[in-house]
>>> print(open('data-v2.pdb').read())   # PDB, C-alpha atoms and all ligand atoms
MODEL        1
ATOM      1  CA  MET A   1      11.307  34.742   0.034
ATOM      2  CA  GLU A   2       8.436  35.948   2.126
ATOM      3  CA  LEU A   3       6.442  33.369   3.962
ATOM      4  CA  PRO A   4       2.683  33.517   3.930
ATOM      5  CA  ILE A   5       1.130  34.047   7.331
ATOM      6  CA  ALA A   6      -1.525  31.793   8.773
ATOM      7  CA  ASP A   7      -4.960  33.207   9.453
ATOM      8  CA  PRO A   8      -4.443  34.947  12.822
ATOM      9  CA  GLY A   9      -8.060  34.755  13.923
ATOM     10  CA  THR A  10     -11.629  35.466  13.042
ATOM     11  CA  GLU A  11     -14.079  37.977  14.395
ATOM     12  CA  ARG A  12     -16.495  36.423  16.832
ATOM     13  CA  GLY A  13     -18.775  38.962  18.437
ATOM     14  CA  GLU A  14     -16.817  42.101  19.330
ATOM     15  CA  GLY A  15     -13.267  40.915  20.000
ATOM     16  CA  LEU A  16     -10.599  39.376  17.828
ATOM     17  CA  LEU A  17     -10.132  35.709  18.621
ATOM     18  CA  ILE A  18      -6.756  34.033  18.690
ATOM     19  CA  GLN A  19      -6.570  30.662  17.088
ATOM     20  CA  CYS A  20      -4.665  27.748  18.596
ATOM     21  CA  PRO A  21      -1.555  27.387  16.401
ATOM     22  CA  TYR A  22      -1.170  23.620  16.638
ATOM     23  CA  CYS A  23      -1.619  21.220  13.773
ATOM     24  CA  ASP A  24      -0.856  17.569  13.077
ATOM     25  CA  SER A  25       2.914  17.819  12.811
ATOM     26  CA  GLU A  26       3.339  14.565  10.911
ATOM     27  CA  ALA A  27       0.769  15.606   8.304
ATOM     28  CA  MET A  28       2.539  18.951   7.988
ATOM     29  CA  HIS A  29       5.852  17.159   7.540
ATOM     30  CA  LYS A  30       4.364  14.899   4.887
ATOM     31  CA  LEU A  31       2.927  17.860   3.035
ATOM     32  CA  ALA A  32       6.293  19.626   3.183
ATOM     33  CA  GLN A  33       7.875  16.559   1.559
ATOM     34  CA  LEU A  34       5.422  16.876  -1.301
ATOM     35  CA  LEU A  35       6.567  20.383  -2.206
ATOM     36  CA  LEU A  36      10.075  19.495  -3.365
ATOM     37  CA  PRO A  37       9.145  16.949  -6.064
ATOM     38  CA  GLY A  38       6.284  19.266  -7.003
ATOM     39  CA  LEU A  39       8.688  22.101  -7.676
ATOM     40  CA  ALA A  40      11.135  19.761  -9.426
ATOM     41  CA  ALA A  41       8.396  18.639 -11.816
ATOM     42  CA  VAL A  42       7.529  22.233 -12.730
ATOM     43  CA  CYS A  43      11.180  23.157 -13.274
ATOM     44  CA  VAL A  44      11.863  20.084 -15.412
ATOM     45  CA  ASP A  45       8.694  20.419 -17.488
ATOM     46  CA  SER A  46       9.185  24.092 -18.191
ATOM     47  CA  THR A  47      12.782  23.719 -19.397
ATOM     48  CA  THR A  48      12.631  20.443 -21.321
ATOM     49  CA  GLY A  49      13.775  20.983 -24.895
ATOM     50  CA  ASP A  50      15.157  24.421 -24.044
ATOM     51  CA  LEU A  51      18.805  24.568 -25.098
ATOM     52  CA  PHE A  52      19.563  27.593 -22.988
ATOM     53  CA  LYS A  53      17.944  26.739 -19.682
ATOM     54  CA  ASN A  54      18.038  23.831 -17.288
ATOM     55  CA  PRO A  55      15.808  23.266 -14.250
ATOM     56  CA  SER A  56      18.138  25.048 -11.830
ATOM     57  CA  HIS A  57      17.981  28.237 -13.901
ATOM     58  CA  VAL A  58      14.302  28.635 -13.219
ATOM     59  CA  ALA A  59      14.029  27.160  -9.725
ATOM     60  CA  ILE A  60      14.162  30.390  -7.716
ATOM     61  CA  GLU A  61      11.602  32.151  -9.826
ATOM     62  CA  LEU A  62       9.273  29.168 -10.068
ATOM     63  CA  ARG A  63       9.489  28.437  -6.356
ATOM     64  CA  LYS A  64       8.139  31.869  -5.580
ATOM     65  CA  GLU A  65       5.457  31.611  -8.240
ATOM     66  CA  MET A  66       4.404  28.160  -7.116
ATOM     67  CA  VAL A  67       4.240  29.092  -3.428
ATOM     68  CA  ASP A  68       2.166  32.165  -4.263
ATOM     69  CA  TYR A  69      -0.116  30.151  -6.495
ATOM     70  CA  ILE A  70      -0.784  27.230  -4.151
ATOM     71  CA  THR A  71      -1.119  29.462  -1.089
ATOM     72  CA  GLN A  72      -3.620  31.615  -2.872
ATOM     73  CA  ARG A  73      -5.566  28.595  -4.098
ATOM     74  CA  SER A  74      -5.603  27.195  -0.566
ATOM     75  CA  ASP A  75      -6.811  30.551   0.745
ATOM     76  CA  THR A  76      -9.890  30.526  -1.400
ATOM     77  CA  PHE A  77     -10.264  26.761  -1.381
ATOM     78  CA  ILE A  78     -13.306  26.566   0.853
ATOM     79  CA  ALA A  79     -15.121  29.383  -0.935
ATOM     80  CA  ASP A  80     -14.238  27.911  -4.356
ATOM     81  CA  ALA A  81     -15.427  24.499  -3.301
ATOM     82  CA  LEU A  82     -18.754  25.914  -2.134
ATOM     83  CA  ILE A  83     -19.338  27.773  -5.394
ATOM     84  CA  GLU A  84     -18.466  24.681  -7.372
ATOM     85  CA  SER A  85     -20.749  22.419  -5.382
ATOM     86  CA  GLU A  86     -23.618  24.869  -5.890
ATOM     87  CA  ALA A  87     -22.973  24.996  -9.607
ATOM     88  CA  ASN A  88     -22.958  21.209  -9.803
ATOM     89  CA  GLN A  89     -25.810  20.577  -7.426
ATOM     90  CA  GLU A  90     -27.446  17.776  -9.357
ATOM     91  CA  THR A  91     -24.174  15.868  -9.858
ATOM     92  CA  GLU A  92     -23.233  16.029  -6.148
ATOM     93  CA  ASN A  93     -19.645  16.833  -6.958
ATOM     94  CA  GLU A  94     -17.596  15.461  -4.066
ATOM     95  CA  MET A  95     -14.697  17.722  -3.182
ATOM     96  CA  PRO A  96     -11.575  15.948  -1.991
ATOM     97  CA  GLU A  97     -10.963  16.095   1.759
ATOM     98  CA  ASP A  98      -7.431  14.796   1.890
ATOM     99  CA  PRO A  99      -5.039  17.778   2.165
ATOM    100  CA  PHE A 100      -2.360  15.891   0.252
ATOM    101  CA  GLU A 101      -4.693  15.246  -2.646
ATOM    102  CA  ILE A 102      -5.863  18.860  -2.627
ATOM    103  CA  VAL A 103      -2.362  20.340  -2.594
ATOM    104  CA  SER A 104      -1.265  17.888  -5.308
ATOM    105  CA  ILE A 105      -4.093  19.170  -7.472
ATOM    106  CA  PHE A 106      -2.948  22.760  -6.901
ATOM    107  CA  MET A 107       0.600  21.862  -7.860
ATOM    108  CA  ASP A 108      -0.539  19.969 -10.955
ATOM    109  CA  ASP A 109      -2.646  22.924 -12.034
ATOM    110  CA  PHE A 110       0.293  25.257 -11.581
ATOM    111  CA  SER A 111       2.603  22.867 -13.382
ATOM    112  CA  SER A 112       0.289  22.601 -16.380
ATOM    113  CA  THR A 113       0.475  26.372 -16.914
ATOM    114  CA  LYS A 114       4.266  26.145 -17.117
ATOM    115  CA  ARG A 115       4.678  23.314 -19.584
ATOM    116  CA  ASN A 116       6.394  24.159 -22.831
ATOM    117  CA  ILE A 117       5.660  22.491 -26.133
ATOM    118  CA  ILE A 118       7.359  19.220 -25.187
ATOM    119  CA  GLY A 119       5.585  19.220 -21.853
ATOM    120  CA  HIS A 120       2.317  19.201 -23.737
ATOM    121  CA  VAL A 121       3.148  16.048 -25.614
ATOM    122  CA  SER A 122       1.361  13.416 -23.579
ATOM    123  CA  GLY A 123       4.097  10.797 -24.035
ATOM    124  CA  TRP A 124       6.586  12.982 -22.213
ATOM    125  CA  LEU A 125       4.407  13.338 -19.116
ATOM    126  CA  LEU A 126       4.315   9.578 -18.646
ATOM    127  CA  SER A 127       7.883   8.837 -19.660
ATOM    128  CA  ASP A 128      10.530   7.300 -17.390
ATOM    129  CA  ASN A 129      12.962   9.891 -18.669
ATOM    130  CA  ARG A 130      10.839  12.630 -17.109
ATOM    131  CA  GLU A 131      10.608  10.740 -13.807
ATOM    132  CA  ASP A 132      14.399  10.312 -13.756
ATOM    133  CA  LYS A 133      15.007  13.982 -14.450
ATOM    134  CA  ILE A 134      12.609  14.994 -11.689
ATOM    135  CA  ASP A 135      14.253  12.581  -9.210
ATOM    136  CA  ASP A 136      17.695  13.915 -10.129
ATOM    137  CA  PHE A 137      16.604  17.483  -9.642
ATOM    138  CA  VAL A 138      14.974  16.677  -6.278
ATOM    139  CA  GLN A 139      18.310  15.204  -5.186
ATOM    140  CA  GLU A 140      20.214  18.199  -6.452
ATOM    141  CA  MET A 141      17.965  20.616  -4.555
ATOM    142  CA  ASP A 142      18.215  18.427  -1.480
ATOM    143  CA  MET A 143      22.003  18.423  -1.584
ATOM    144  CA  THR A 144      22.355  22.139  -2.140
ATOM    145  CA  ARG A 145      19.725  22.804   0.548
ATOM    146  CA  PHE A 146      17.961  24.950  -1.999
ATOM    147  CA  TRP A 147      14.667  24.703  -0.165
ATOM    148  CA  PRO A 148      15.286  23.476   3.387
ATOM    149  CA  LEU A 149      12.669  21.398   5.141
ATOM    150  CA  ASP A 150      11.867  23.953   7.852
ATOM    151  CA  ARG A 151      11.050  26.565   5.221
ATOM    152  CA  ARG A 152       8.828  24.106   3.411
ATOM    153  CA  GLU A 153       7.163  23.121   6.678
ATOM    154  CA  ALA A 154       6.211  26.732   7.367
ATOM    155  CA  ILE A 155       4.402  26.832   4.026
ATOM    156  CA  ALA A 156       2.933  23.368   4.513
ATOM    157  CA  GLU A 157       1.445  24.498   7.813
ATOM    158  CA  VAL A 158      -0.434  27.330   6.143
ATOM    159  CA  LEU A 159      -1.645  25.073   3.329
ATOM    160  CA  LEU A 160      -2.727  22.383   5.748
ATOM    161  CA  LYS A 161      -4.776  24.765   7.865
ATOM    162  CA  ASN A 162      -6.389  26.344   4.816
ATOM    163  CA  VAL A 163      -7.578  23.176   3.109
ATOM    164  CA  ASP A 164      -8.394  21.090   6.170
ATOM    165  CA  ILE A 165     -12.161  21.624   5.999
ATOM    166  CA  LYS A 166     -13.009  18.891   8.486
ATOM    167  CA  THR A 167     -10.365  20.077  10.981
ATOM    168  CA  LYS A 168      -8.844  16.628  11.080
ATOM    169  CA  PHE A 169      -5.324  17.987  10.848
ATOM    170  CA  HIS A 170      -5.375  21.224  12.814
ATOM    171  CA  CYS A 171      -6.897  22.595  15.977
ATOM    172  CA  PRO A 172      -9.912  24.828  15.337
ATOM    173  CA  GLU A 173     -10.089  26.288  18.866
ATOM    174  CA  LYS A 174     -10.108  30.081  19.249
ATOM    175  CA  TYR A 175      -9.808  32.160  22.413
ATOM    176  CA  GLU A 176     -10.436  35.729  23.576
ATOM    177  CA  ASN A 177      -7.032  36.207  25.170
ATOM    178  CA  GLU A 178      -3.548  34.757  25.430
ATOM    179  CA  ASP A 179      -4.100  33.337  28.934
ATOM    180  CA  ARG A 180      -7.019  31.220  27.904
ATOM    181  CA  LEU A 181      -5.167  30.122  24.811
ATOM    182  CA  ALA A 182      -2.155  29.171  26.931
ATOM    183  CA  ASP A 183      -4.401  27.052  29.201
ATOM    184  CA  HIS A 184      -5.852  25.337  26.174
ATOM    185  CA  LYS A 185      -2.455  24.722  24.576
ATOM    186  CA  GLU A 186      -1.393  22.651  27.551
ATOM    187  CA  GLN A 187      -4.359  20.352  26.969
ATOM    188  CA  CYS A 188      -4.565  20.614  23.178
ATOM    189  CA  THR A 189      -4.521  17.183  21.571
ATOM    190  CA  PHE A 190      -2.688  18.666  18.586
ATOM    191  CA  ARG A 191       0.252  19.817  20.727
ATOM    192  CA  PRO A 192       3.481  18.309  19.460
ATOM    193  CA  VAL A 193       5.499  16.023  21.706
ATOM    194  CA  ALA A 194       8.752  14.218  21.045
ATOM    195  CA  CYS A 195       8.505  10.516  20.236
ATOM    196  CA  PRO A 196       9.832   8.674  23.306
ATOM    197  CA  ASN A 197      11.538   5.953  21.273
ATOM    198  CA  GLY A 198      15.307   6.352  21.554
ATOM    199  CA  GLY A 199      16.885   7.927  18.483
ATOM    200  CA  CYS A 200      13.569   8.915  16.893
ATOM    201  CA  ARG A 201      13.476  12.635  16.235
ATOM    202  CA  ALA A 202       9.821  12.827  15.214
ATOM    203  CA  LYS A 203       7.601  15.451  16.800
ATOM    204  CA  VAL A 204       4.106  14.113  16.861
ATOM    205  CA  SER A 205       0.745  15.547  17.906
ATOM    206  CA  VAL A 206      -0.452  13.914  21.114
ATOM    207  CA  ARG A 207      -3.543  12.559  19.368
ATOM    208  CA  CYS A 208      -1.404  10.864  16.710
ATOM    209  CA  MET A 209       1.195   9.403  19.043
ATOM    210  CA  LYS A 210      -0.492   6.012  19.241
ATOM    211  CA  ASP A 211      -0.465   5.658  15.452
ATOM    212  CA  HIS A 212       3.095   6.894  15.249
ATOM    213  CA  ASP A 213       4.235   4.492  17.934
ATOM    214  CA  ALA A 214       2.536   1.640  16.094
ATOM    215  CA  ALA A 215       4.696   2.379  13.063
ATOM    216  CA  CYS A 216       7.791   4.092  14.510
ATOM    217  CA  PRO A 217      10.867   2.398  12.998
ATOM    218  CA  LEU A 218      12.834   2.988  16.204
ATOM    219  CA  LYS A 219      10.384   1.285  18.565
ATOM    220  CA  VAL A 220      11.917  -1.622  20.452
ATOM    221  CA  LEU A 221       9.867  -4.775  19.989
ATOM    222  CA  GLN A 222      10.012  -8.426  20.924
ATOM    223  CA  CYS A 223      10.999 -10.648  18.006
ATOM    224  CA  GLU A 224       7.885 -11.522  15.997
ATOM    225  CA  GLN A 225       9.040 -15.133  15.824
ATOM    226  CA  SER A 226       9.385 -15.213  19.613
ATOM    227  CA  CYS A 227      13.060 -15.989  19.828
ATOM    228  CA  GLY A 228      13.115 -13.788  22.933
ATOM    229  CA  LYS A 229      15.310 -11.073  21.455
ATOM    230  CA  CYS A 230      14.314  -7.385  21.585
ATOM    231  CA  LEU A 231      15.106  -5.303  18.529
ATOM    232  CA  LEU A 232      14.104  -2.200  16.591
ATOM    233  CA  ARG A 233      11.060  -2.425  14.347
ATOM    234  CA  ARG A 234      13.160  -1.378  11.349
ATOM    235  CA  ASP A 235      15.495  -4.356  11.884
ATOM    236  CA  MET A 236      12.711  -6.897  12.423
ATOM    237  CA  ASP A 237      12.263  -8.176   8.873
ATOM    238  CA  ARG A 238      15.960  -8.675   8.305
ATOM    239  CA  HIS A 239      16.415 -10.326  11.694
ATOM    240  CA  CYS A 240      13.525 -12.705  11.071
ATOM    241  CA  VAL A 241      14.883 -13.991   7.767
ATOM    242  CA  THR A 242      18.612 -13.956   8.504
ATOM    243  CA  ILE A 243      19.744 -14.533  12.081
ATOM    244  CA  CYS A 244      16.648 -15.297  14.142
ATOM    245  CA  PRO A 245      17.058 -18.782  15.609
ATOM    246  CA  MET A 246      13.305 -19.230  15.222
ATOM    247  CA  ARG A 247      13.243 -18.612  11.478
ATOM    248  CA  PRO A 248      11.505 -21.452   9.695
ATOM    249  CA  MET A 249      13.618 -23.761   7.584
ATOM    250  CA  LYS A 250      13.024 -26.814   5.454
ATOM    251  CA  CYS A 251      14.742 -30.046   6.358
ATOM    252  CA  PRO A 252      18.123 -29.921   4.530
ATOM    253  CA  PHE A 253      17.997 -33.706   4.069
ATOM    254  CA  GLY A 254      14.886 -33.397   1.961
ATOM    255  CA  CYS A 255      12.202 -34.842   4.215
ATOM    256  CA  ASP A 256       8.967 -32.928   4.068
ATOM    257  CA  SER A 257       9.091 -31.266   7.450
ATOM    258  CA  SER A 258       9.949 -27.659   8.286
ATOM    259  CA  PHE A 259      10.885 -26.347  11.718
ATOM    260  CA  PRO A 260      12.575 -23.412  13.452
ATOM    261  CA  GLU A 261      16.226 -23.160  12.510
ATOM    262  CA  CYS A 262      17.317 -23.749  16.116
ATOM    263  CA  ASP A 263      15.652 -27.182  16.044
ATOM    264  CA  LEU A 264      17.827 -28.453  13.190
ATOM    265  CA  GLU A 265      20.124 -30.362  15.534
ATOM    266  CA  LYS A 266      17.207 -32.008  17.276
ATOM    267  CA  HIS A 267      15.490 -32.848  13.993
ATOM    268  CA  SER A 268      18.722 -34.270  12.566
ATOM    269  CA  SER A 269      19.091 -36.653  15.470
ATOM    270  CA  VAL A 270      15.404 -37.658  15.802
ATOM    271  CA  PHE A 271      15.009 -38.338  12.076
ATOM    272  CA  LEU A 272      18.459 -39.802  11.558
ATOM    273  CA  GLN A 273      17.062 -43.154  10.313
ATOM    274  CA  ALA A 274      14.985 -41.517   7.607
ATOM    275  CA  HIS A 275      17.834 -39.225   6.539
ATOM    276  CA  LEU A 276      20.305 -42.123   6.485
ATOM    277  CA  LEU A 277      18.014 -44.127   4.259
ATOM    278  CA  LYS A 278      17.785 -41.274   1.759
ATOM    279  CA  VAL A 279      21.585 -40.940   1.652
ATOM    280  CA  LEU A 280      22.124 -44.688   1.315
ATOM    281  CA  MET A 281      19.647 -44.872  -1.548
ATOM    282  CA  VAL A 282      21.787 -42.384  -3.438
ATOM    283  CA  ILE A 283      25.117 -44.041  -2.598
ATOM    284  CA  HIS A 284      23.918 -47.584  -3.419
ATOM    285  CA  LYS A 285      21.776 -46.901  -6.436
ATOM    286  CA  LYS A 286      21.438 -50.446  -7.656
ATOM    287  CA  GLY A 287      21.068 -53.928  -6.347
ATOM    288  CA  HIS A 288      19.756 -53.113  -2.876
ATOM    289  CA  SER A 289      16.207 -53.402  -1.645
ATOM    290  CA  GLU A 290      14.827 -50.865   0.759
ATOM    291  CA  GLU A 291      14.918 -53.565   3.438
ATOM    292  CA  ASP A 292      18.630 -54.123   2.824
ATOM    293  CA  LEU A 293      19.312 -50.444   3.120
ATOM    294  CA  LYS A 294      17.294 -50.128   6.331
ATOM    295  CA  GLU A 295      19.341 -52.922   7.792
ATOM    296  CA  LEU A 296      22.519 -51.207   6.653
ATOM    297  CA  ALA A 297      21.357 -47.962   8.211
ATOM    298  CA  GLU A 298      20.818 -49.636  11.556
ATOM    299  CA  LYS A 299      24.190 -51.289  11.319
ATOM    300  CA  LEU A 300      25.883 -47.995  10.600
ATOM    301  CA  GLU A 301      24.170 -46.327  13.499
ATOM    302  CA  LYS A 302      25.365 -49.042  15.860
ATOM    303  CA  TYR A 303      28.844 -48.914  14.450
ATOM    304  CA  ASP A 304      28.986 -45.142  14.863
ATOM    305  CA  GLU A 305      30.133 -45.120  18.476
ATOM    306  CA  LEU A 306      31.068 -41.429  18.490
ATOM    307  CA  GLY A 307      27.620 -40.357  17.300
ATOM    308  CA  LYS A 308      29.031 -38.566  14.267
ATOM    309  CA  LEU A 309      26.026 -39.382  12.099
ATOM    310  CA  ALA A 310      23.561 -37.557  14.319
ATOM    311  CA  LYS A 311      25.729 -34.471  14.225
ATOM    312  CA  ALA A 312      25.665 -34.086  10.444
ATOM    313  CA  GLN A 313      23.452 -31.162   9.503
ATOM    314  CA  ASP A 314      23.252 -31.513   5.759
ATOM    315  CA  THR A 315      23.212 -34.189   3.096
ATOM    316  CA  ARG A 316      26.775 -33.678   1.982
ATOM    317  CA  SER A 317      28.356 -34.105   5.421
ATOM    318  CA  LEU A 318      26.082 -37.053   6.212
ATOM    319  CA  THR A 319      27.114 -38.694   2.934
ATOM    320  CA  ASN A 320      30.795 -38.198   3.768
ATOM    321  CA  ILE A 321      30.402 -39.694   7.236
ATOM    322  CA  VAL A 322      28.482 -42.679   5.850
ATOM    323  CA  LYS A 323      31.178 -43.359   3.238
ATOM    324  CA  ASP A 324      33.835 -43.077   5.919
ATOM    325  CA  LEU A 325      32.073 -45.485   8.250
ATOM    326  CA  GLU A 326      31.367 -47.973   5.451
ATOM    327  CA  ALA A 327      35.033 -47.959   4.477
ATOM    328  CA  LYS A 328      36.099 -48.583   8.072
ATOM    329  CA  MET A 329      33.542 -51.385   8.482
ATOM    330  CA  LYS A 330      34.837 -52.998   5.287
ATOM    331  CA  ASP A 331      38.443 -52.715   6.520
ATOM    332  CA  GLU A 332      37.647 -54.330   9.837
ATOM    333  CA  HIS A 333      35.714 -57.099   8.064
ATOM    334  CA  SER A 334      38.612 -57.976   5.815
ATOM    335  CA  ASN A 335      41.151 -57.927   8.635
TER     336      ASN A 335
HETATM  337 ZN    ZN A 401      -5.440  23.550  20.191
HETATM  338 ZN    ZN A 402       9.158   7.626  16.662
HETATM  339 ZN    ZN A 403      14.040 -13.616  16.541
HETATM  340 ZN    ZN A 404      14.422 -34.230   7.920
ENDMDL
END
>>> encode(input="data-v2.pdb", output="structure tokens", more="lines below")
Ligand SMILES: [Zn+2]
Ligand SMILES: [Zn+2]
Ligand SMILES: [Zn+2]
Ligand SMILES: [Zn+2]
Amino acid sequence: MELPIADPGTERGEGLLIQCPYCDSEAMHKLAQLLLPGLAAVCVDSTTGDLFKNPSHVAIELRKEMVDYITQRSDTFIADALIESEANQETENEMPEDPFEIVSIFMDDFSSTKRNIIGHVSGWLLSDNREDKIDDFVQEMDMTRFWPLDRREAIAEVLLKNVDIKTKFHCPEKYENEDRLADHKEQCTFRPVACPNGGCRAKVSVRCMKDHDAACPLKVLQCEQSCGKCLLRRDMDRHCVTICPMRPMKCPFGCDSSFPECDLEKHSSVFLQAHLLKVLMVIHKKGHSEEDLKELAEKLEKYDELGKLAKAQDTRSLTNIVKDLEAKMKDEHSN
């Protein structure tokens, strides 16, 4: 398949100007990701209900047609948009500026020309069955490397430059000769650099590095709950709810307080009286006033020379220790 070529330059005065080739590499990557499900949708829609064809039978042909169509639309995008806005002057028709939105519209337009009779039934377009088929076909194309990412990125780059009216995603600079361009490229804020975070393979335009770094899953960060550990951003959420010693927990004895998990031991020993009372109220349901039970709790604490009670970290183990101690106290009493 032939790749479309980016606009090499524009006449300015006498000489041909050379345009800086750099664009926002993350935006290009994102746009390239859009192309695969776009193609899958066209292939699925155009073969649904056809007994003799499935999506993979038409993929090669439709890929070429789709690339031609969207590249051509992107080529004339600015001119088309101008004509349209003149025609709709009184309505102030806003043209979309987001390249992803624009390219999606191109792909939708192409797709709608390829729908067969079932594709025109509105229920089909919104059905889960269609979504599943598209997802499956995206996976199939991914696995067979039918349309590798680098090939899609080359097309995405052309599309991005064509529809990026506000030059938010590509460098608009043009130069008279290669030397001046080379000087500029060293300074260009669109020049791609490798993300410095270990293991991250993203190439990011210099101007976007701050945003990338603020979201890079492989950035090493301090634990958000300040346990002092350093970990990757992508592991943060799991760490914070599973193993972080600072994760908040509710008192397992049922008092109203919550505290960092690592303070459970401290809480258990400071609030032992209150916890004991709760346990005793369950063990001795009837015939004991709260005063009685408080007295019993104090007695148990004194009797517990080894400090076992304070070490219990949940209701069940505290209950067992209390029962144990009560039995021993009873034994000693009767001896
Ligand atoms: Zn540049
Ligand atoms: Zn990164
Ligand atoms: Zn932590
Ligand atoms: Zn408690």
>>> residues_around(input="data-v2.pdb", residues="segment 33-45 of chain A", least_positions_apart="4", cutoff="6 Å", atoms="all atoms listed in the file", output="VMD selection string")
chain A and resid 55 111 115 119 134 137 to 138
>>> residues_near_ligand(input="data-v2.pdb", ligand="ligand ZN 401 (chain A)", cutoff="6 Å", atoms="all atoms listed in the file", output="list in words")
Cys20, Tyr22, Cys171, Glu173, Lys185, Cys188 and Phe190 of chain A
>>> closest_atom_pairs(input="data-v2.pdb", of="chain A", to="ligand ZN 402 (chain A)", cutoff="7 Å", atoms="all atoms listed in the file", output="tab-separated table")
residue	atom	partner	partner_atom	distance
A:Cys195	CA	A:ZN402	ZN	4.6
A:Pro196	CA	A:ZN402	ZN	6.8
A:Asn197	CA	A:ZN402	ZN	5.5
A:Cys200	CA	A:ZN402	ZN	4.6
A:Arg201	CA	A:ZN402	ZN	6.6
A:Ala202	CA	A:ZN402	ZN	5.4
A:His212	CA	A:ZN402	ZN	6.3
A:Asp213	CA	A:ZN402	ZN	6.0
A:Cys216	CA	A:ZN402	ZN	4.4
A:Pro217	CA	A:ZN402	ZN	6.6
A:Leu218	CA	A:ZN402	ZN	5.9
A:Lys219	CA	A:ZN402	ZN	6.7
>>> write_last_selection(input="data-v2.pdb", atoms="C-alpha atoms", output="PDB file, in the coordinates of the input")
ATOM      1  CA  CYS A 195       8.505  10.516  20.236  1.00  0.00           C
ATOM      2  CA  PRO A 196       9.832   8.674  23.306  1.00  0.00           C
ATOM      3  CA  ASN A 197      11.538   5.953  21.273  1.00  0.00           C
ATOM      4  CA  CYS A 200      13.569   8.915  16.893  1.00  0.00           C
ATOM      5  CA  ARG A 201      13.476  12.635  16.235  1.00  0.00           C
ATOM      6  CA  ALA A 202       9.821  12.827  15.214  1.00  0.00           C
ATOM      7  CA  HIS A 212       3.095   6.894  15.249  1.00  0.00           C
ATOM      8  CA  ASP A 213       4.235   4.492  17.934  1.00  0.00           C
ATOM      9  CA  CYS A 216       7.791   4.092  14.510  1.00  0.00           C
ATOM     10  CA  PRO A 217      10.867   2.398  12.998  1.00  0.00           C
ATOM     11  CA  LEU A 218      12.834   2.988  16.204  1.00  0.00           C
ATOM     12  CA  LYS A 219      10.384   1.285  18.565  1.00  0.00           C
TER      13      LYS A 219
END
>>> resolve_selection(input="data-v2.pdb", expression="the PyMOL selection byres (((not hetatm)) within 9 of (chain A and resi 403))", output="VMD selection string")
chain A and resid 222 to 231 236 239 to 241 243 to 247
>>> resolve_selection(input="data-v2.pdb", expression="the PyMOL selection byres (((chain A and resi 204) around 7) and not hetatm)", output="PDB file with C-alpha atoms, in the frame of the given file")
ATOM      1  CA  SER A  25       2.914  17.819  12.811  1.00  0.00           C
ATOM      2  CA  GLU A  26       3.339  14.565  10.911  1.00  0.00           C
ATOM      3  CA  PRO A 192       3.481  18.309  19.460  1.00  0.00           C
ATOM      4  CA  VAL A 193       5.499  16.023  21.706  1.00  0.00           C
ATOM      5  CA  ALA A 194       8.752  14.218  21.045  1.00  0.00           C
ATOM      6  CA  CYS A 195       8.505  10.516  20.236  1.00  0.00           C
ATOM      7  CA  ALA A 202       9.821  12.827  15.214  1.00  0.00           C
ATOM      8  CA  LYS A 203       7.601  15.451  16.800  1.00  0.00           C
ATOM      9  CA  SER A 205       0.745  15.547  17.906  1.00  0.00           C
ATOM     10  CA  VAL A 206      -0.452  13.914  21.114  1.00  0.00           C
ATOM     11  CA  CYS A 208      -1.404  10.864  16.710  1.00  0.00           C
ATOM     12  CA  MET A 209       1.195   9.403  19.043  1.00  0.00           C
TER      13      MET A 209
END
>>> decode(input="data-v2.pdb", residues="segment 193-202 of chain A", atoms="N, CA and C atoms", output="PDB file, in the first residue's frame")
ATOM      1  N   VAL A 193      11.236  13.446  22.263  1.00  0.00           N
ATOM      2  CA  VAL A 193      12.279  12.928  23.150  1.00  0.00           C
ATOM      3  C   VAL A 193      11.717  11.722  23.898  1.00  0.00           C
ATOM      4  N   ALA A 194      12.630  10.860  24.340  1.00  0.00           N
ATOM      5  CA  ALA A 194      12.183   9.662  25.048  1.00  0.00           C
ATOM      6  C   ALA A 194      11.792  10.031  26.478  1.00  0.00           C
ATOM      7  N   CYS A 195      10.697   9.452  26.950  1.00  0.00           N
ATOM      8  CA  CYS A 195      10.297   9.670  28.344  1.00  0.00           C
ATOM      9  C   CYS A 195      11.396   9.118  29.252  1.00  0.00           C
ATOM     10  N   PRO A 196      11.846   9.917  30.235  1.00  0.00           N
ATOM     11  CA  PRO A 196      12.951   9.465  31.080  1.00  0.00           C
ATOM     12  C   PRO A 196      12.550   8.417  32.131  1.00  0.00           C
ATOM     13  N   ASN A 197      11.268   8.170  32.284  1.00  0.00           N
ATOM     14  CA  ASN A 197      10.862   7.210  33.317  1.00  0.00           C
ATOM     15  C   ASN A 197      11.202   5.788  32.885  1.00  0.00           C
ATOM     16  N   GLY A 198      11.919   5.088  33.737  1.00  0.00           N
ATOM     17  CA  GLY A 198      12.422   3.747  33.418  1.00  0.00           C
ATOM     18  C   GLY A 198      11.325   2.841  32.899  1.00  0.00           C
ATOM     19  N   GLY A 199      11.571   2.183  31.780  1.00  0.00           N
ATOM     20  CA  GLY A 199      10.607   1.216  31.249  1.00  0.00           C
ATOM     21  C   GLY A 199       9.556   1.836  30.345  1.00  0.00           C
ATOM     22  N   CYS A 200       9.424   3.162  30.365  1.00  0.00           N
ATOM     23  CA  CYS A 200       8.412   3.800  29.516  1.00  0.00           C
ATOM     24  C   CYS A 200       9.005   4.019  28.137  1.00  0.00           C
ATOM     25  N   ARG A 201       8.311   3.526  27.118  1.00  0.00           N
ATOM     26  CA  ARG A 201       8.872   3.623  25.769  1.00  0.00           C
ATOM     27  C   ARG A 201       8.263   4.759  24.963  1.00  0.00           C
ATOM     28  N   ALA A 202       7.518   5.641  25.648  1.00  0.00           N
ATOM     29  CA  ALA A 202       6.851   6.726  24.915  1.00  0.00           C
ATOM     30  C   ALA A 202       7.865   7.736  24.391  1.00  0.00           C
TER      31      ALA A 202
END
